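J.: Below is a structure I'd like to ask you about.
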Protein chains: 2
Amino acid sequence: MEASPKPAIVLVRPQLGQNIGKAARAMLNFGLTEMRIVAPRDGWPNPDAGPSASGADIVLERARVFDTVKQAVADCSAIYASTVRRRDLVMPVLSPEAMAKEIASSSAPSCILFGPERSGLETEDVALAKAIVTVPINPDFGSLNLAQAVILLAYEWSKRSELAVPPDKPLEPVAPHGELEGLIGQLDEALVEKGYFHPPSRTEATRNTLRTIFTKSGWSSREVKAVRGVIRALMGPERRRD
Amino acid sequence: MEASPKPAIVLVRPQLGQNIGKAARAMLNFGLTEMRIVAPRDGWPNPDAGPSASGADIVLERARVFDTVKQAVADCSAIYASTVRRRDLVMPVLSPEAMAKEIASSSAPSCILFGPERSGLETEDVALAKAIVTVPINPDFGSLNLAQAVILLAYEWSKRSELAVPPDKPLEPVAPHGELEGLIGQLDEALVEKGYFHPPSRTEATRNTLRTIFTKSGWSSREVKAVRGVIRALMGPERRRD
């Protein structure tokens with residue numbers, strides 16, 4: 001039986017090198033080694049990261065840098081967004097435990113997004129995910145920093161990591177996120193052509209709704225292809241059957 | 001039934017004021033407010049503590065200082081020592097979860113001891129406890145600092161307390177199957193019109209594939225409606241946006 005893959009930790013537009021180092025340390029304490037960094041404010045490598053990693057240099061050395069979140073998650077089929085609940089998005093909200101359970105029971109490549117220190121994830125970043133993961137904290141004092149959020153989720157993951165029993169072997173695996181983006185992009189173009197996004201003030205919200213709809217679908221690569229064929233067919237001219 | 005009292009956090013001979021502040025912040029995130037400090041190296045109050053507490057000042061203000069660990073834990077009946085396993089002591093070793101469960105199921109006042117940053121708890125400190133609590137970490141890279149150890153144990157405790165209520169807002173329920181049938185029927189008609197089902201010998205298989213695709217999507221009523229709108233839009237004439 002195949003073990004479930006470890007989640008990648010994706011730091012989205014992190015500001016301080018120090019915090020990247022601390023996140024690496026937090027990860028390695030619980031056996032996570034794959035860090036991805038999206039558009040770090042101060043570039044990469046960052047000389048402040050190493051000293052804060054307290055020996056977790058291997059995580060920093062192997063870290064990969066991406067320009068966009070979409071590129072960073074293109075090979076992941078289960079994407080989680082670490083953030084507080086969002087009023088602007090209708091999405092599942094999981095506890096760290098529930099997320100860990102999902103990751104451990106699946107053979108799909110997964111990752112967890114963490115936003116910039118000050119502002120957190122943007123709506124468009126969160127909309128890429130299949131679920132939000134929220135650490136339930138004191139409603140009167142919520143002050144988790146980046147490395148603390150990373151360590152709590154890494155810790156929860158580690159508790160499940162040995163239990164990994166992927167039951168979904170016979171099912172088709174969920175398509176990598178890049179394929180879903182292809183579908184969403186195709187649909188978006190088609191809808192623009194048809195004048196679907198109207199009025200312009202609602203366009204962003206409508207796009208987010210559609211993104212959520214397709215991201216939660218759990219479709220396999222084969223199914224994504226089929227839906228793309230459906231969109232092409234719907235856009236084409238009418239044809240009589242012979 | 002009486003609620004179980006919150007555990008006190010006992011920092012034994014902490015070195016840096018900064019770390020005391022970070023520990024306070026970690027505590028308050030998960031609703032713990034009682035800090036006890038034993039023989040802080042740099043005295044108390046410590047001007048470095050406040051800035052690191054990021055607003056958790058109330059924990060620092062209420063912190064009580066003791067000369068010895070024994071004095072600090074005198075009113076506690078369940079004492080836990082946060083440390084790695086000790087070869088020199090024959091004591092129960094609990095996971096954070098098991099400790100949290102014990103604390104939550106007892107009405108006895110409890111506390112958790114944390115040692116100095118560099119050296120950890122002395123044997124004689126640990127010997128005061130009923131059990132050791134150890135966070136299972138990466139055997140090849142164990143590097144938990146004081147505030148991280150505090151936050152992980154505070155988090156586990158909070159999961160057993162009332163903060164632990166699972167995400168409250170129910171997700172949108174999955175649409176009743178009839179609505180899905182409406183969507184599938186609409187799509188089928190549209191695809192027939194476009195001559196999508198071809199050759200006829202494959203029609204049944206293609207229909208089954210599409211049915212599976214939409215049945216597994218987990219869409220809510222709202223989302224089914226949105227997809228139906230998308231299909232209508234794709235079928236419609238091209239429109240220029242004004």
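Just remember, in the structure tokens the first chain shown is A, the second B, etc., residues are 1-based per chain, and ligands are 1-based in the order shown.
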Return as a tab-separated table the residues of chain B lying at most 8 Å from chain A, together with the closest atom-to-atom pair for each and the distance in Å to one decimal, counting only C-alpha atoms, with rows in chain order and ascending residue number.

T.:
residue	atom	partner	partner_atom	distance
B:Arg25	CA	A:Ser143	CA	7.4
B:Ala26	CA	A:Leu144	CA	7.8
B:Leu28	CA	A:Phe141	CA	6.5
B:Asn29	CA	A:Asn138	CA	5.2
B:Phe30	CA	A:Asn138	CA	5.2
B:Gly31	CA	A:Asn138	CA	5.4
B:Ser54	CA	A:Ser143	CA	7.6
B:Ala56	CA	A:Phe141	CA	7.8
B:Ile137	CA	A:Phe30	CA	5.4
B:Asn138	CA	A:Asn29	CA	5.2
B:Phe141	CA	A:Asn29	CA	5.7
B:Gly142	CA	A:Asn29	CA	5.5
B:Ser143	CA	A:Asn29	CA	6.2
B:Leu144	CA	A:Asn29	CA	7.1
B:Gln148	CA	A:Gln148	CA	7.4
B:Ile151	CA	A:Gln148	CA	7.9
B:Leu152	CA	A:Leu152	CA	6.7
B:Leu163	CA	A:Pro136	CA	6.5
B:Ala164	CA	A:Pro136	CA	6.6
B:Pro166	CA	A:Ser95	CA	7.1
B:Pro167	CA	A:Val93	CA	6.6
B:Leu171	CA	A:Pro92	CA	6.1
B:Glu172	CA	A:Val90	CA	7.7
B:Ala190	CA	A:Leu234	CA	7.0
B:Leu191	CA	A:Leu234	CA	6.6
B:Glu193	CA	A:Glu238	CA	6.0
B:Lys194	CA	A:Glu238	CA	4.4
B:Gly195	CA	A:Arg239	CA	5.0
B:Tyr196	CA	A:Ala233	CA	6.1
B:Thr209	CA	A:Glu223	CA	7.9
B:Leu210	CA	A:Ala226	CA	7.7
B:Ile213	CA	A:Glu223	CA	6.4
B:Lys216	CA	A:Ser217	CA	6.8
B:Ser217	CA	A:Ser217	CA	4.0
B:Gly218	CA	A:Ser217	CA	6.4
B:Trp219	CA	A:Ile213	CA	6.9
B:Glu223	CA	A:Ile213	CA	6.4
B:Ala226	CA	A:Leu210	CA	7.7
B:Val230	CA	A:Leu191	CA	7.6
B:Ile231	CA	A:Leu234	CA	7.6
B:Ala233	CA	A:Tyr196	CA	6.1
B:Leu234	CA	A:Met235	CA	5.8
B:Met235	CA	A:Leu234	CA	5.8
B:Gly236	CA	A:Lys194	CA	7.0
B:Pro237	CA	A:Lys194	CA	6.6
B:Glu238	CA	A:Lys194	CA	4.4
B:Arg239	CA	A:Gly195	CA	5.0
B:Arg240	CA	A:Gly195	CA	6.0
B:Arg241	CA	A:Gly195	CA	5.7

J.: Skip range 60-74 of chain B itself and residues of its chain fewer than 6 positions away, then list as an MDAnalysis selection string all residues within 10 Å of it, counting only C-alpha atoms.

T.: chainID B and resid 8:13 20:21 23:25 33:40 43:46 49:50 53 109:113 124:126 128:129

J.: Apply DSSP to the structure's backbone, then extract all residues of range 104-202 of chain B labelled helix (DSSP H, G or I) and return them as number ranges by chain.

T.: B: 104, 123-126, 146-160, 162-164, 177-193, 200-202

J.: For chain B fitted to chain A over all Cα atoms in order, what RMSD does a least-squares superposition give?

T.: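 The root-mean-square deviation of C-alpha positions is 23.5 Å.
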
J.: For the atom pair CA of Thr123 in chain B and CA of Ser107 in chain B, what is the interatomic distance in Å to one decimal place?

T.: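 Computing it gives 27.4 Å between the two atoms.
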
J.: Out of range 32-124 of chain A, which residues get strand (DSSP E) from DSSP, as a VMD selection string?

T.: chain A and resid 35 to 38 64 to 66 78 to 82 93 to 94 110 to 114

J.: May I have the residues from that selection written out with N, CA, C and O atoms, as an mmCIF file, in the first residue's frame?

T.:
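Saved as again-v8.cif:
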data_model
loop_
_atom_site.group_PDB
_atom_site.id
_atom_site.type_symbol
_atom_site.label_atom_id
_atom_site.label_comp_id
_atom_site.auth_asym_id
_atom_site.auth_seq_id
_atom_site.Cartn_x
_atom_site.Cartn_y
_atom_site.Cartn_z
ATOM 1 N N MET A 35 9.173 22.980 0.893
ATOM 2 C CA MET A 35 8.688 24.358 0.977
ATOM 3 C C MET A 35 8.649 24.972 -0.412
ATOM 4 O O MET A 35 9.567 24.779 -1.205
ATOM 5 N N ARG A 36 7.562 25.692 -0.689
ATOM 6 C CA ARG A 36 7.467 26.452 -1.933
ATOM 7 C C ARG A 36 7.206 27.905 -1.558
ATOM 8 O O ARG A 36 6.402 28.177 -0.669
ATOM 9 N N ILE A 37 7.873 28.794 -2.236
ATOM 10 C CA ILE A 37 7.775 30.215 -1.883
ATOM 11 C C ILE A 37 7.276 30.972 -3.104
ATOM 12 O O ILE A 37 7.860 30.867 -4.183
ATOM 13 N N VAL A 38 6.203 31.714 -2.929
ATOM 14 C CA VAL A 38 5.637 32.479 -4.036
ATOM 15 C C VAL A 38 5.987 33.961 -3.862
ATOM 16 O O VAL A 38 5.646 34.571 -2.844
ATOM 17 N N ARG A 64 11.575 25.825 -3.448
ATOM 18 C CA ARG A 64 11.429 26.285 -4.820
ATOM 19 C C ARG A 64 10.627 27.575 -4.838
ATOM 20 O O ARG A 64 9.692 27.738 -4.058
ATOM 21 N N VAL A 65 11.010 28.470 -5.736
ATOM 22 C CA VAL A 65 10.376 29.785 -5.802
ATOM 23 C C VAL A 65 9.515 29.874 -7.062
ATOM 24 O O VAL A 65 9.907 29.392 -8.122
ATOM 25 N N PHE A 66 8.346 30.449 -6.923
ATOM 26 C CA PHE A 66 7.408 30.598 -8.038
ATOM 27 C C PHE A 66 6.936 32.048 -8.120
ATOM 28 O O PHE A 66 6.950 32.770 -7.129
ATOM 29 N N ALA A 78 -4.925 18.409 -3.986
ATOM 30 C CA ALA A 78 -5.670 18.788 -2.783
ATOM 31 C C ALA A 78 -4.969 19.987 -2.174
ATOM 32 O O ALA A 78 -3.875 19.873 -1.627
ATOM 33 N N ILE A 79 -5.618 21.144 -2.304
ATOM 34 C CA ILE A 79 -5.011 22.396 -1.858
ATOM 35 C C ILE A 79 -5.812 22.926 -0.681
ATOM 36 O O ILE A 79 -7.032 23.029 -0.749
ATOM 37 N N TYR A 80 -5.123 23.242 0.405
ATOM 38 C CA TYR A 80 -5.776 23.795 1.595
ATOM 39 C C TYR A 80 -5.256 25.205 1.823
ATOM 40 O O TYR A 80 -4.078 25.477 1.610
ATOM 41 N N ALA A 81 -6.127 26.090 2.289
ATOM 42 C CA ALA A 81 -5.736 27.470 2.547
ATOM 43 C C ALA A 81 -5.835 27.735 4.043
ATOM 44 O O ALA A 81 -6.907 27.626 4.624
ATOM 45 N N SER A 82 -4.704 28.048 4.654
ATOM 46 C CA SER A 82 -4.689 28.347 6.083
ATOM 47 C C SER A 82 -5.104 29.795 6.287
ATOM 48 O O SER A 82 -4.357 30.712 5.965
ATOM 49 N N VAL A 93 -14.844 24.641 5.653
ATOM 50 C CA VAL A 93 -13.857 25.084 6.633
ATOM 51 C C VAL A 93 -13.516 23.888 7.516
ATOM 52 O O VAL A 93 -14.394 23.328 8.162
ATOM 53 N N LEU A 94 -12.267 23.496 7.504
ATOM 54 C CA LEU A 94 -11.851 22.314 8.257
ATOM 55 C C LEU A 94 -11.042 22.709 9.479
ATOM 56 O O LEU A 94 -10.345 23.725 9.479
ATOM 57 N N SER A 110 -0.698 16.981 -2.070
ATOM 58 C CA SER A 110 -1.420 18.068 -1.407
ATOM 59 C C SER A 110 -0.476 19.182 -1.019
ATOM 60 O O SER A 110 0.740 19.013 -1.008
ATOM 61 N N CYS A 111 -1.055 20.340 -0.712
ATOM 62 C CA CYS A 111 -0.246 21.446 -0.202
ATOM 63 C C CYS A 111 -1.123 22.343 0.658
ATOM 64 O O CYS A 111 -2.347 22.273 0.612
ATOM 65 N N ILE A 112 -0.460 23.137 1.483
ATOM 66 C CA ILE A 112 -1.167 24.074 2.360
ATOM 67 C C ILE A 112 -0.622 25.473 2.092
ATOM 68 O O ILE A 112 0.586 25.685 2.143
ATOM 69 N N LEU A 113 -1.533 26.407 1.791
ATOM 70 C CA LEU A 113 -1.143 27.793 1.519
ATOM 71 C C LEU A 113 -1.169 28.620 2.794
ATOM 72 O O LEU A 113 -2.112 28.536 3.574
ATOM 73 N N PHE A 114 -0.130 29.441 2.969
ATOM 74 C CA PHE A 114 -0.077 30.398 4.073
ATOM 75 C C PHE A 114 0.164 31.782 3.485
ATOM 76 O O PHE A 114 1.052 31.933 2.637
#

J.: Which residue out of B:Cys76, B:Val84, B:Leu89, B:Ala131 has the minimum interatomic distance to Gly115 in chain B when only C-alpha atoms are used?

T.: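 Closest to Gly115 in chain B, using only C-alpha atoms: B:Val84.
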
J.: One number please: CA of Thr83 in chain B to CA of Ala104 in chain B, in Å, one decimal.

T.: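 Distance between the two atoms: 20.6 Å.
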